[in-house]
Structures are given as C-alpha cells and as structure tokens.
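Here is the file final_4.cif (mmCIF, C-alpha atoms).
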data_coords
loop_
_atom_site.label_atom_id
_atom_site.label_comp_id
_atom_site.auth_asym_id
_atom_site.auth_seq_id
_atom_site.Cartn_x
_atom_site.Cartn_y
_atom_site.Cartn_z
CA MET A 1 -9.37 81.57 136.23
CA LYS A 2 -7.20 78.70 137.50
CA ILE A 3 -10.29 76.51 137.85
CA LEU A 4 -11.36 77.30 134.27
CA ILE A 5 -7.89 76.33 132.99
CA ALA A 6 -8.08 73.12 135.03
CA VAL A 7 -11.47 72.29 133.48
CA LEU A 8 -10.07 72.86 129.97
CA ARG A 9 -7.02 70.74 130.83
CA VAL A 10 -9.14 67.83 132.09
CA ALA A 11 -11.46 68.05 129.05
CA LEU A 12 -8.44 68.00 126.71
CA GLY A 13 -7.02 65.02 128.61
CA ALA A 14 -10.36 63.19 128.32
CA VAL A 15 -10.32 63.68 124.55
CA PHE A 16 -6.84 62.12 124.33
CA LEU A 17 -7.87 59.20 126.59
CA TYR A 18 -10.94 58.57 124.45
CA ALA A 19 -8.82 58.80 121.28
CA CYS A 20 -6.32 56.15 122.39
CA ALA A 21 -8.84 53.65 123.79
CA SER A 22 -9.57 51.66 120.63
CA LYS A 23 -6.06 51.93 119.17
CA LEU A 24 -3.87 50.67 122.03
CA PHE A 25 -4.22 46.97 121.26
CA HIS A 26 -5.00 47.18 117.53
CA PRO A 27 -1.74 48.42 115.96
CA ALA A 28 -2.36 46.71 112.60
CA GLU A 29 -5.80 48.26 112.16
CA PHE A 30 -4.48 51.66 113.24
CA ALA A 31 -1.53 51.29 110.86
CA ASP A 32 -4.09 50.75 108.08
CA MET A 33 -5.75 54.05 109.02
CA VAL A 34 -2.41 55.90 109.10
CA MET A 35 -1.45 54.34 105.77
CA GLY A 36 -4.52 55.95 104.19
CA TYR A 37 -3.07 59.42 104.80
CA ARG A 38 -0.07 58.54 102.58
CA ILE A 39 2.27 60.65 104.67
CA VAL A 40 4.20 58.13 106.77
CA PRO A 41 6.60 55.86 104.79
CA SER A 42 5.67 52.16 104.98
CA GLU A 43 8.90 51.43 106.90
CA PHE A 44 7.69 53.52 109.86
CA LEU A 45 3.95 52.80 109.78
CA THR A 46 3.96 50.07 112.43
CA LEU A 47 6.29 52.04 114.71
CA VAL A 48 4.08 55.13 114.52
CA ALA A 49 0.86 53.12 114.92
CA THR A 50 2.30 51.30 117.94
CA VAL A 51 3.78 54.25 119.83
CA LEU A 52 1.22 57.00 119.06
CA PRO A 53 -1.71 55.53 121.07
CA TRP A 54 0.52 55.02 124.13
CA LEU A 55 1.71 58.60 123.87
CA GLU A 56 -1.92 59.70 123.65
CA LEU A 57 -2.67 57.67 126.79
CA LEU A 58 0.17 59.30 128.75
CA ILE A 59 -0.81 62.77 127.52
CA GLY A 60 -4.43 62.09 128.49
CA LEU A 61 -3.53 60.85 131.98
CA GLY A 62 -1.03 63.68 132.50
CA LEU A 63 -3.58 66.32 131.53
CA VAL A 64 -6.43 64.82 133.57
CA PHE A 65 -4.31 64.66 136.73
CA GLY A 66 -2.21 67.75 135.99
CA LEU A 67 1.05 65.83 136.14
CA LEU A 68 3.94 66.87 133.83
CA SER A 69 1.29 69.15 132.41
CA ALA A 70 3.73 71.41 130.50
CA GLY A 71 5.14 68.45 128.58
CA CYS A 72 1.69 66.95 128.06
CA ALA A 73 0.25 70.25 126.80
CA ALA A 74 3.26 70.74 124.51
CA TRP A 75 2.77 67.24 123.07
CA ALA A 76 -0.98 67.88 122.74
CA THR A 77 -0.23 71.10 120.83
CA LEU A 78 2.29 69.39 118.58
CA MET A 79 0.02 66.42 117.86
CA SER A 80 -3.07 68.59 117.23
CA SER A 81 -1.00 70.67 114.78
CA VAL A 82 0.25 67.57 112.97
CA PHE A 83 -3.29 66.11 112.80
CA LEU A 84 -4.59 69.42 111.45
CA VAL A 85 -1.94 69.63 108.72
CA ALA A 86 -2.50 65.95 107.83
CA LYS A 87 -6.27 66.43 107.48
CA VAL A 88 -5.95 69.58 105.37
CA SER A 89 -3.39 67.81 103.20
CA VAL A 90 -5.77 64.85 102.71
CA ILE A 91 -8.57 67.22 101.66
CA PHE A 92 -6.35 69.07 99.18
CA ARG A 93 -5.05 65.79 97.70
CA GLY A 94 -8.63 64.53 97.28
CA LEU A 95 -7.98 61.31 99.20
CA ASP A 96 -10.90 59.29 100.53
CA VAL A 97 -9.62 58.59 104.04
CA SER A 98 -11.37 57.92 107.33
CA CYS A 99 -10.00 60.03 110.17
CA GLY A 100 -9.01 57.20 112.53
CA CYS A 101 -9.01 59.83 115.28
CA PHE A 102 -11.20 57.99 117.78
CA SER A 103 -11.71 54.57 116.24
CA VAL A 104 -9.95 52.03 114.04
CA ASN A 105 -13.23 50.90 112.50
CA GLY A 106 -13.41 53.33 109.61
CA GLY A 107 -16.06 56.02 109.74
CA SER A 108 -16.85 58.96 107.51
CA SER A 109 -14.20 60.43 105.23
CA ILE A 110 -12.21 63.49 106.26
CA SER A 111 -13.77 66.76 105.11
CA TRP A 112 -13.68 70.46 105.97
CA ALA A 113 -16.30 69.71 108.67
CA ASP A 114 -13.54 67.99 110.68
CA ILE A 115 -11.30 71.04 110.77
CA PRO A 116 -13.10 73.29 113.36
CA ALA A 117 -13.01 70.56 116.05
CA ASN A 118 -9.29 70.07 115.38
CA LEU A 119 -8.68 73.83 115.58
CA LEU A 120 -10.54 73.95 118.92
CA LEU A 121 -8.38 71.11 120.23
CA LEU A 122 -5.25 72.99 119.17
CA LEU A 123 -6.48 76.20 120.79
CA VAL A 124 -7.24 74.49 124.13
CA ALA A 125 -3.86 72.75 124.07
CA LEU A 126 -2.11 76.10 123.50
CA VAL A 127 -4.05 77.74 126.34
CA VAL A 128 -3.17 74.93 128.77
CA TRP A 129 0.46 75.01 127.67
CA PHE A 130 0.91 78.77 128.05
CA LYS A 131 -1.33 79.35 131.08
CA GLY A 132 -0.12 76.37 133.10
CA PRO A 133 -2.13 73.49 134.58
CA GLY A 134 -4.54 75.57 136.69
CA ARG A 135 -5.81 74.21 140.00
CA PRO A 136 -6.33 71.62 141.25
CA ALA A 137 -3.38 69.80 139.63
CA VAL A 138 -0.72 67.39 140.88
CA ASP A 139 1.95 69.74 139.49
CA SER A 140 0.64 72.53 141.77
CA LEU A 141 1.05 70.25 144.78
CA LEU A 142 4.52 69.08 143.77
CA PHE A 143 5.87 72.47 142.66
CA PRO A 144 3.78 75.06 144.57
CA LYS A 145 6.35 77.87 144.27
CA GLU A 146 6.71 77.58 140.51
CA GLU A 147 2.96 77.84 140.03
CA GLU A 148 2.58 81.00 142.11
CA MET B 1 4.61 78.32 131.31
CA ARG B 2 7.75 76.71 132.67
CA SER B 3 11.13 76.99 131.01
CA TRP B 4 11.70 75.43 127.61
CA GLN B 5 14.25 73.08 129.14
CA ASP B 6 11.68 71.69 131.60
CA THR B 7 9.08 71.34 128.87
CA LEU B 8 11.45 69.55 126.49
CA LEU B 9 12.66 67.32 129.32
CA SER B 10 9.13 66.26 130.26
CA MET B 11 8.26 65.75 126.56
CA ALA B 12 11.29 63.47 126.21
CA ALA B 13 10.31 61.59 129.37
CA LEU B 14 6.76 61.07 128.08
CA LEU B 15 8.02 59.84 124.69
CA SER B 16 10.48 57.43 126.31
CA LEU B 17 7.76 56.03 128.56
CA ALA B 18 5.34 55.73 125.61
CA VAL B 19 7.96 53.82 123.55
CA SER B 20 8.67 51.51 126.53
CA LEU B 21 4.97 50.82 127.09
CA ALA B 22 4.41 50.27 123.37
CA LEU B 23 7.27 47.74 123.21
CA PHE B 24 6.00 46.01 126.35
CA SER B 25 2.46 45.83 124.95
CA ARG B 26 3.74 43.78 122.00
CA ILE B 27 4.27 40.85 124.39
CA PHE B 28 0.48 40.56 124.47
CA LEU B 29 0.11 41.08 120.71
CA PRO B 30 1.87 38.15 119.00
CA GLU B 31 -0.10 38.82 115.79
CA ALA B 32 1.06 42.46 115.56
CA PRO B 33 3.04 43.35 112.40
CA ALA B 34 6.83 43.58 112.65
CA LEU B 35 7.86 46.90 114.16
CA LEU B 36 10.54 48.01 111.69
CA ALA B 37 9.54 46.10 108.54
CA PRO B 38 7.68 47.88 105.71
CA TYR B 39 3.92 47.63 106.30
CA TYR B 40 1.53 47.23 103.38
CA GLY B 41 -1.70 46.69 105.26
CA VAL B 42 -3.35 43.62 106.71
CA VAL B 43 -2.92 41.23 103.81
CA PRO B 44 -4.68 37.85 104.07
CA GLU B 45 -2.30 34.92 104.62
CA GLU B 46 -3.19 33.25 101.33
CA VAL B 47 -2.09 36.34 99.36
CA GLN B 48 1.58 36.31 98.45
CA LEU B 49 3.58 39.56 98.21
CA VAL B 50 5.80 39.86 95.14
CA SER B 51 8.54 42.27 94.10
CA PRO B 52 8.39 44.10 90.74
CA GLU B 53 11.11 41.71 89.55
CA ARG B 54 9.01 38.63 90.35
CA ALA B 55 5.93 40.32 88.88
CA PHE B 56 7.88 40.96 85.66
CA GLU B 57 8.84 37.27 85.50
CA LEU B 58 5.12 36.41 85.78
CA TYR B 59 4.38 39.02 83.09
CA GLU B 60 6.91 37.47 80.72
CA GLU B 61 5.75 33.93 81.42
CA GLY B 62 2.20 34.99 80.49
CA GLY B 63 -0.94 33.52 81.98
CA ALA B 64 -1.13 35.95 84.88
CA ALA B 65 -3.80 38.67 84.85
CA PHE B 66 -2.59 42.06 86.05
CA VAL B 67 -5.14 44.29 87.80
CA ASP B 68 -4.71 48.02 88.41
CA ALA B 69 -6.62 49.12 91.56
CA ARG B 70 -6.20 52.88 91.03
CA GLU B 71 -8.65 55.44 89.66
CA LEU B 72 -9.28 55.22 85.89
CA GLU B 73 -7.47 58.55 85.29
CA ARG B 74 -4.31 57.19 86.92
CA TYR B 75 -4.61 53.96 84.91
CA GLU B 76 -4.91 55.91 81.65
CA TYR B 77 -1.88 57.96 82.64
CA ALA B 78 0.33 54.86 82.98
CA HIS B 79 -0.31 51.16 83.50
CA ILE B 80 1.31 47.78 83.01
CA PRO B 81 0.62 46.60 79.42
CA GLY B 82 -2.37 44.28 79.36
CA ALA B 83 -3.46 45.19 82.89
CA LEU B 84 -7.17 45.48 83.63
CA SER B 85 -8.40 48.66 85.25
CA MET B 86 -10.50 47.92 88.33
CA PRO B 87 -10.72 51.05 90.49
CA VAL B 88 -11.43 49.87 94.00
CA ASP B 89 -13.92 52.68 94.67
CA ASP B 90 -16.02 51.65 91.63
CA PHE B 91 -15.71 47.91 92.23
CA GLU B 92 -19.43 47.25 91.68
CA ASP B 93 -19.19 48.53 88.08
CA TYR B 94 -16.70 45.83 87.05
CA LYS B 95 -18.76 42.60 87.08
CA GLN B 96 -17.47 41.39 83.69
CA GLU B 97 -13.85 41.72 84.79
CA LEU B 98 -14.72 39.82 87.95
CA ILE B 99 -16.01 36.86 85.92
CA PHE B 100 -12.78 36.86 83.88
CA LEU B 101 -10.59 37.00 87.01
CA ARG B 102 -12.39 34.01 88.55
CA THR B 103 -11.12 31.91 85.66
CA SER B 104 -7.57 33.28 85.74
CA HIS B 105 -4.60 31.13 86.64
CA LEU B 106 -2.99 33.91 88.68
CA VAL B 107 -4.03 37.50 89.48
CA VAL B 108 -1.42 40.19 90.22
CA VAL B 109 -2.89 43.26 91.93
CA TYR B 110 -1.09 46.60 92.18
CA CYS B 111 -1.74 50.31 92.79
CA GLU B 112 0.48 53.40 92.84
CA ASP B 113 3.26 52.73 95.35
CA GLN B 114 4.07 51.38 98.81
CA GLU B 115 1.88 53.91 100.59
CA CYS B 116 -1.32 53.40 98.59
CA GLY B 117 -3.93 51.12 100.12
CA ALA B 118 -6.10 50.54 97.02
CA SER B 119 -4.48 47.24 96.00
CA LYS B 120 -4.91 45.78 99.47
CA LYS B 121 -8.58 46.88 99.55
CA LEU B 122 -9.12 45.36 96.11
CA VAL B 123 -7.53 42.08 97.21
CA ASP B 124 -10.02 41.95 100.12
CA LEU B 125 -12.92 42.58 97.74
CA LEU B 126 -11.69 40.00 95.22
CA ILE B 127 -11.38 37.33 97.93
CA LYS B 128 -14.92 38.12 99.10
CA ASN B 129 -16.05 37.71 95.47
CA ARG B 130 -14.44 34.26 95.14
CA VAL B 131 -11.36 35.21 93.12
CA GLY B 132 -8.45 32.97 94.07
CA ASN B 133 -4.70 32.75 93.30
CA LEU B 134 -4.06 36.38 94.20
CA VAL B 135 -0.68 38.01 94.57
CA LEU B 136 0.01 41.59 95.57
CA MET B 137 2.81 43.82 94.27
CA PRO B 138 3.19 46.38 97.10
CA GLU B 139 5.71 48.58 95.26
CA GLY B 140 3.02 49.26 92.66
CA ILE B 141 3.42 50.92 89.30
CA ALA B 142 6.08 53.22 90.81
CA GLY B 143 8.33 50.24 91.65
CA TRP B 144 7.60 48.70 88.25
CA LYS B 145 8.63 51.88 86.41
CA LYS B 146 11.66 52.35 88.65
CA ALA B 147 12.87 48.87 87.65
CA GLY B 148 12.62 49.97 84.01
CA TYR B 149 9.78 47.65 82.98
CA PRO B 150 7.36 48.66 80.19
CA VAL B 151 4.30 50.81 80.79
CA LEU B 152 1.47 51.95 78.56
CA GLY B 153 -0.51 55.17 78.73
CA ALA B 154 -0.12 58.88 78.32
CA THR B 155 3.41 58.75 79.78
CA PRO B 156 5.02 55.49 78.67
#

Will you turn the file into structure tokens for me?
Amino acid sequence: MKILIAVLRVALGAVFLYACASKLFHPAEFADMVMGYRIVPSEFLTLVATVLPWLELLIGLGLVFGLLSAGCAAWATLMSSVFLVAKVSVIFRGLDVSCGCFSVNGGSSISWADIPANLLLLLVALVVWFKGPGRPAVDSLLFPKEEE
Amino acid sequence: MRSWQDTLLSMAALLSLAVSLALFSRIFLPEAPALLAPYYGVVPEEVQLVSPERAFELYEEGGAAFVDARELERYEYAHIPGALSMPVDDFEDYKQELIFLRTSHLVVVYCEDQECGASKKLVDLLIKNRVGNLVLMPEGIAGWKKAGYPVLGATP
C-alpha cells in the first residue's frame, strides 16, 4: 500500500513539474492566460502569474522526493480545487479561454472535457495528503517514528 | 496525516520559498511586467494606454474613432456613442470597418473592464492589419460609465 501511495505521489509531483515548466520564465504570457479567466483583479495578475509557477515547482519537487509531503499535498489539493472551480466558472460564464494549465501558448478552450482530469488530480492530491507520503520518501527517512 | 499545525507550517514555508524564488527570478527577466502595477496584457509599445478621462477628451475633440471589441450583444446593451462594434472573435467579418479604421486619425479601442482581454486582442489584430495610431482604454466601458460619460444602447 505504501508503495502505491508513493507512486501516486510521484505521478502527482510530475504533473506539477510539467505544469510549471513553460511558465517559470514567461510571467507576462502566463498573466495573459490568467487574465482570460476574469477572476484575478488586474492589480494582482502579475504577482499571481509570477509566484504560482514557482509554487508549482516546489510542490512538484516536494512530492517527487517525498519532502514536506504533507504541505505539498495540501497545496496540491488547494490548487486543484481552485483550478476546478475556475474552470467550471469559465464554462458557466461562456468565456472562450485556453486553460494555460501546461503551456502559455494557448491551446483549446476550456470545456467539460477538462473537468474529469482535474477531478482525478484533486482525488490523488487528497489521497496523498490523508494517507501520507508512502515509501520510499525523504520524509520517512527524516521522521521515521511519525510515519509508523 | 500529520497535525494541522505541521501542515500549515510547511505550507507557509513552501509559499515563502516560492515568493523568494519568484522575486529572485525577476533579476533575469528585465522585460517582465511590474509586480504590483495593474496588468492589462502584453500591449505593444506603440500603443498608448489612456484613462476614461483622456478618452473623453478625445471624444469631445472629435476625429478619433472608438472601437468596441466586445460581443455584439454587449455592444447593443451599452456602448460609447458613435463607437464601431468590432467583436474580436468575429474579426474576419468586419472588413469594411477595417478599411475605415486605416484612414482614421486616431483609434480608441475598449472592451468591458480592466479584466477583459478582448481590446488587447483586437489591438494585436488591428496592428497586424496595418491600422496605426491606436490607443487602448483599459478601464473599458465600465470605467467610462463610472466616470459619468454618455452611453448609448438598451441601458443608457
């Protein structure tokens, strides 16, 4: 069971690492994508578009190596929930917006077809958060008693 | 799952580190937009941003063409008097308007409000189609109405 959780954790981390790759050094283009959702006020767009990819990077690394995994899984759960609500809100408002999830170069518009993958991401994040990092994980080496 | 305190503490540590890295990364990104200034999209350098007040001065002076980048339904609901409707998603259907804009002294583009991206997209398309002398009013029709300037449509 612990190995299965570890596999899920690493897969979730890989998704976050892949998601941040194209955004880290393109804050303006990512801000354009975020602007399309019409949720974040223009005053905070650059701040969000600058910090979010770095947070995704840290979450991805933390989950892949199993370091600070509780915090990383909690952030992954929170971010997946926010992304899910944002996408559903875009669909209901009839906005023609590209996801911007894994690329800053546009892509197809958000539709109901995007929701199952987001739900799966949220589910995996919840499992990793509540079940712990599994093994092997750096957390298990650093805090062996807490994991037993 | 560890205690809530541990989880919140590690979440705070991750956020702090992410903010630090993000700020540090800006050293290598001199072209990045200002961190705490309002962001209206990547606007080409030759396009000037104007406030509703400045746009109203241009409106009163005459000679400037106003272009509404929103959907036709939104335009019919409320628009700046005399403004052309040019929905950015149906840009290809507005060839006649394009010819007119190429001969205009000044073109003021707007959409709904600060968060809408239609006016910026339209500016990009107009530049690609050889329309010059463009200015963008980021506050859009919402800022125009808020300033008490006249509107036409179903809800004047």

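Here CA of Glu43 (chain A) is placed at a distance of 9.2 Å from CA of Tyr40 (chain B).
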
Report as JSON, numbers by chain the set of chain B residues whose atoms approach chain A to within 9 Å, with distances computed over only C-alpha atoms. {"B": [1, 2, 6, 7, 8, 9, 10, 11, 12, 13, 14, 15, 17, 18, 19, 20, 21, 22, 23, 25, 26, 28, 29, 31, 32, 33, 34, 35, 36, 37, 38, 39, 40, 41, 42, 114, 115, 116, 117]}

So which residues get picked by the PyMOL selection byres ((chain B and resi 134) around 7) here, written as a PDB file with C-alpha atoms, in the frame of the given file?
ATOM      1  CA  VAL B  47      -2.090  36.340  99.360  1.00  0.00           C
ATOM      2  CA  LEU B 106      -2.990  33.910  88.680  1.00  0.00           C
ATOM      3  CA  VAL B 107      -4.030  37.500  89.480  1.00  0.00           C
ATOM      4  CA  VAL B 108      -1.420  40.190  90.220  1.00  0.00           C
ATOM      5  CA  GLY B 132      -8.450  32.970  94.070  1.00  0.00           C
ATOM      6  CA  ASN B 133      -4.700  32.750  93.300  1.00  0.00           C
ATOM      7  CA  VAL B 135      -0.680  38.010  94.570  1.00  0.00           C
ATOM      8  CA  LEU B 136       0.010  41.590  95.570  1.00  0.00           C
TER       9      LEU B 136
END

Could you expand the PyMOL selection byres ((chain B and resi 112) around 9) into the explicit residues it covers here, written as a ChimeraX atom specification? /B:68-70,74,110-111,113-119,138-143

Applied to the shown file, which residues does the PyMOL selection byres ((chain B and resi 72) around 12) return, written as a ChimeraX atom specification? /B:67-71,73-79,83-91,111,153

Using all atoms of region 72-79 of chain B listed in the file and a margin of 8 Å per side, can you give the axis-aligned box centre and edge lengths in Å to one decimal, as JSON?
{"center_x": -4.5, "center_y": 54.9, "center_z": 84.3, "size_x": 25.6, "size_y": 23.4, "size_z": 21.3}

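Going from CA of Lys146 (chain B) to CA of Arg54 (chain B) covers 14.1 Å.
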
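When only C-alpha atoms are used to compute distances to Leu61 (chain A), the closest of the residues A:Val82, A:Val104, A:Val97, A:Val138 turns out to be A:Val138.
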
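The coordinates place CA of Gly82 (chain B) at 14.8 Å from CA of Ala154 (chain B).
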
Val7 (chain A) surroundings by only C-alpha atoms, 12 Å radius, close-in-sequence under 2 positions cut, as JSON, numbers by chain: {"A": [1, 2, 3, 4, 5, 9, 10, 11, 12, 13, 14, 63, 64, 65, 66, 124, 127, 128, 133, 134, 135, 136, 137]}

Please export region 13-98 of chain B as an mmCIF file, in the first residue's frame, restricted to C-alpha atoms.
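Once written, result-v4.cif looks like this:
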data_model
loop_
_atom_site.group_PDB
_atom_site.id
_atom_site.type_symbol
_atom_site.label_atom_id
_atom_site.label_comp_id
_atom_site.auth_asym_id
_atom_site.auth_seq_id
_atom_site.Cartn_x
_atom_site.Cartn_y
_atom_site.Cartn_z
ATOM 1 C CA ALA B 13 7.375 27.582 4.299
ATOM 2 C CA LEU B 14 6.682 26.488 0.712
ATOM 3 C CA LEU B 15 4.840 29.734 -0.074
ATOM 4 C CA SER B 16 7.628 31.857 1.417
ATOM 5 C CA LEU B 17 10.243 29.989 -0.600
ATOM 6 C CA ALA B 18 8.138 30.278 -3.782
ATOM 7 C CA VAL B 19 7.761 34.061 -3.290
ATOM 8 C CA SER B 20 11.524 34.395 -2.672
ATOM 9 C CA LEU B 21 12.385 32.376 -5.784
ATOM 10 C CA ALA B 22 9.847 34.306 -7.853
ATOM 11 C CA LEU B 23 11.328 37.638 -6.749
ATOM 12 C CA PHE B 24 14.853 36.367 -7.410
ATOM 13 C CA SER B 25 13.866 35.125 -10.876
ATOM 14 C CA ARG B 26 12.886 38.681 -11.856
ATOM 15 C CA ILE B 27 16.592 39.600 -11.883
ATOM 16 C CA PHE B 28 16.819 37.517 -15.061
ATOM 17 C CA LEU B 29 13.580 38.907 -16.506
ATOM 18 C CA PRO B 30 14.099 42.655 -17.044
ATOM 19 C CA GLU B 31 11.184 42.728 -19.517
ATOM 20 C CA ALA B 32 8.714 41.236 -17.005
ATOM 21 C CA PRO B 33 5.712 43.465 -16.155
ATOM 22 C CA ALA B 34 5.766 45.417 -12.886
ATOM 23 C CA LEU B 35 4.847 43.162 -9.979
ATOM 24 C CA LEU B 36 2.238 45.304 -8.216
ATOM 25 C CA ALA B 37 1.000 47.531 -11.051
ATOM 26 C CA PRO B 38 -2.321 46.781 -12.794
ATOM 27 C CA TYR B 39 -1.727 44.431 -15.730
ATOM 28 C CA TYR B 40 -3.745 44.777 -18.931
ATOM 29 C CA GLY B 41 -1.954 42.255 -21.100
ATOM 30 C CA VAL B 42 1.103 42.466 -23.303
ATOM 31 C CA VAL B 43 0.367 45.714 -25.110
ATOM 32 C CA PRO B 44 2.694 46.664 -27.988
ATOM 33 C CA GLU B 45 4.979 49.612 -27.185
ATOM 34 C CA GLU B 46 3.480 51.828 -29.878
ATOM 35 C CA VAL B 47 0.008 51.550 -28.309
ATOM 36 C CA GLN B 48 -0.672 54.184 -25.680
ATOM 37 C CA LEU B 49 -2.897 53.442 -22.671
ATOM 38 C CA VAL B 50 -5.461 56.130 -21.866
ATOM 39 C CA SER B 51 -7.776 56.757 -18.925
ATOM 40 C CA PRO B 52 -11.536 57.248 -19.447
ATOM 41 C CA GLU B 53 -10.947 60.957 -18.772
ATOM 42 C CA ARG B 54 -8.390 61.244 -21.582
ATOM 43 C CA ALA B 55 -10.610 59.135 -23.847
ATOM 44 C CA PHE B 56 -13.498 61.527 -23.166
ATOM 45 C CA GLU B 57 -11.284 64.485 -24.133
ATOM 46 C CA LEU B 58 -10.541 62.704 -27.430
ATOM 47 C CA TYR B 59 -14.277 62.007 -27.825
ATOM 48 C CA GLU B 60 -15.130 65.683 -27.356
ATOM 49 C CA GLU B 61 -12.351 66.867 -29.654
ATOM 50 C CA GLY B 62 -13.756 64.593 -32.384
ATOM 51 C CA GLY B 63 -11.685 62.915 -35.057
ATOM 52 C CA ALA B 64 -10.971 59.787 -33.031
ATOM 53 C CA ALA B 65 -12.725 56.530 -33.970
ATOM 54 C CA PHE B 66 -13.926 54.498 -30.996
ATOM 55 C CA VAL B 67 -13.988 50.714 -31.410
ATOM 56 C CA ASP B 68 -15.866 48.312 -29.133
ATOM 57 C CA ALA B 69 -14.130 44.886 -29.018
ATOM 58 C CA ARG B 70 -16.917 43.048 -27.154
ATOM 59 C CA GLU B 71 -19.601 40.709 -28.484
ATOM 60 C CA LEU B 72 -22.386 42.409 -30.474
ATOM 61 C CA GLU B 73 -24.947 41.700 -27.710
ATOM 62 C CA ARG B 74 -22.817 43.559 -25.170
ATOM 63 C CA TYR B 75 -22.328 46.442 -27.625
ATOM 64 C CA GLU B 76 -26.095 46.713 -28.181
ATOM 65 C CA TYR B 77 -26.614 46.697 -24.427
ATOM 66 C CA ALA B 78 -24.383 49.768 -23.924
ATOM 67 C CA HIS B 79 -21.644 51.439 -25.936
ATOM 68 C CA ILE B 80 -19.879 54.759 -26.353
ATOM 69 C CA PRO B 81 -21.926 56.941 -28.767
ATOM 70 C CA GLY B 82 -20.515 56.668 -32.269
ATOM 71 C CA ALA B 83 -18.359 53.653 -31.442
ATOM 72 C CA LEU B 84 -17.979 50.912 -34.042
ATOM 73 C CA SER B 85 -18.742 47.366 -32.994
ATOM 74 C CA MET B 86 -15.886 45.018 -33.895
ATOM 75 C CA PRO B 87 -16.187 41.817 -31.853
ATOM 76 C CA VAL B 88 -12.722 40.346 -31.671
ATOM 77 C CA ASP B 89 -13.996 36.776 -32.166
ATOM 78 C CA ASP B 90 -15.706 37.756 -35.457
ATOM 79 C CA PHE B 91 -12.880 39.970 -36.689
ATOM 80 C CA GLU B 92 -12.894 38.485 -40.206
ATOM 81 C CA ASP B 93 -16.496 39.677 -40.748
ATOM 82 C CA TYR B 94 -15.583 43.358 -40.346
ATOM 83 C CA LYS B 95 -13.528 44.152 -43.472
ATOM 84 C CA GLN B 96 -15.387 47.407 -44.227
ATOM 85 C CA GLU B 97 -14.736 48.761 -40.740
ATOM 86 C CA LEU B 98 -11.083 47.819 -41.146
#
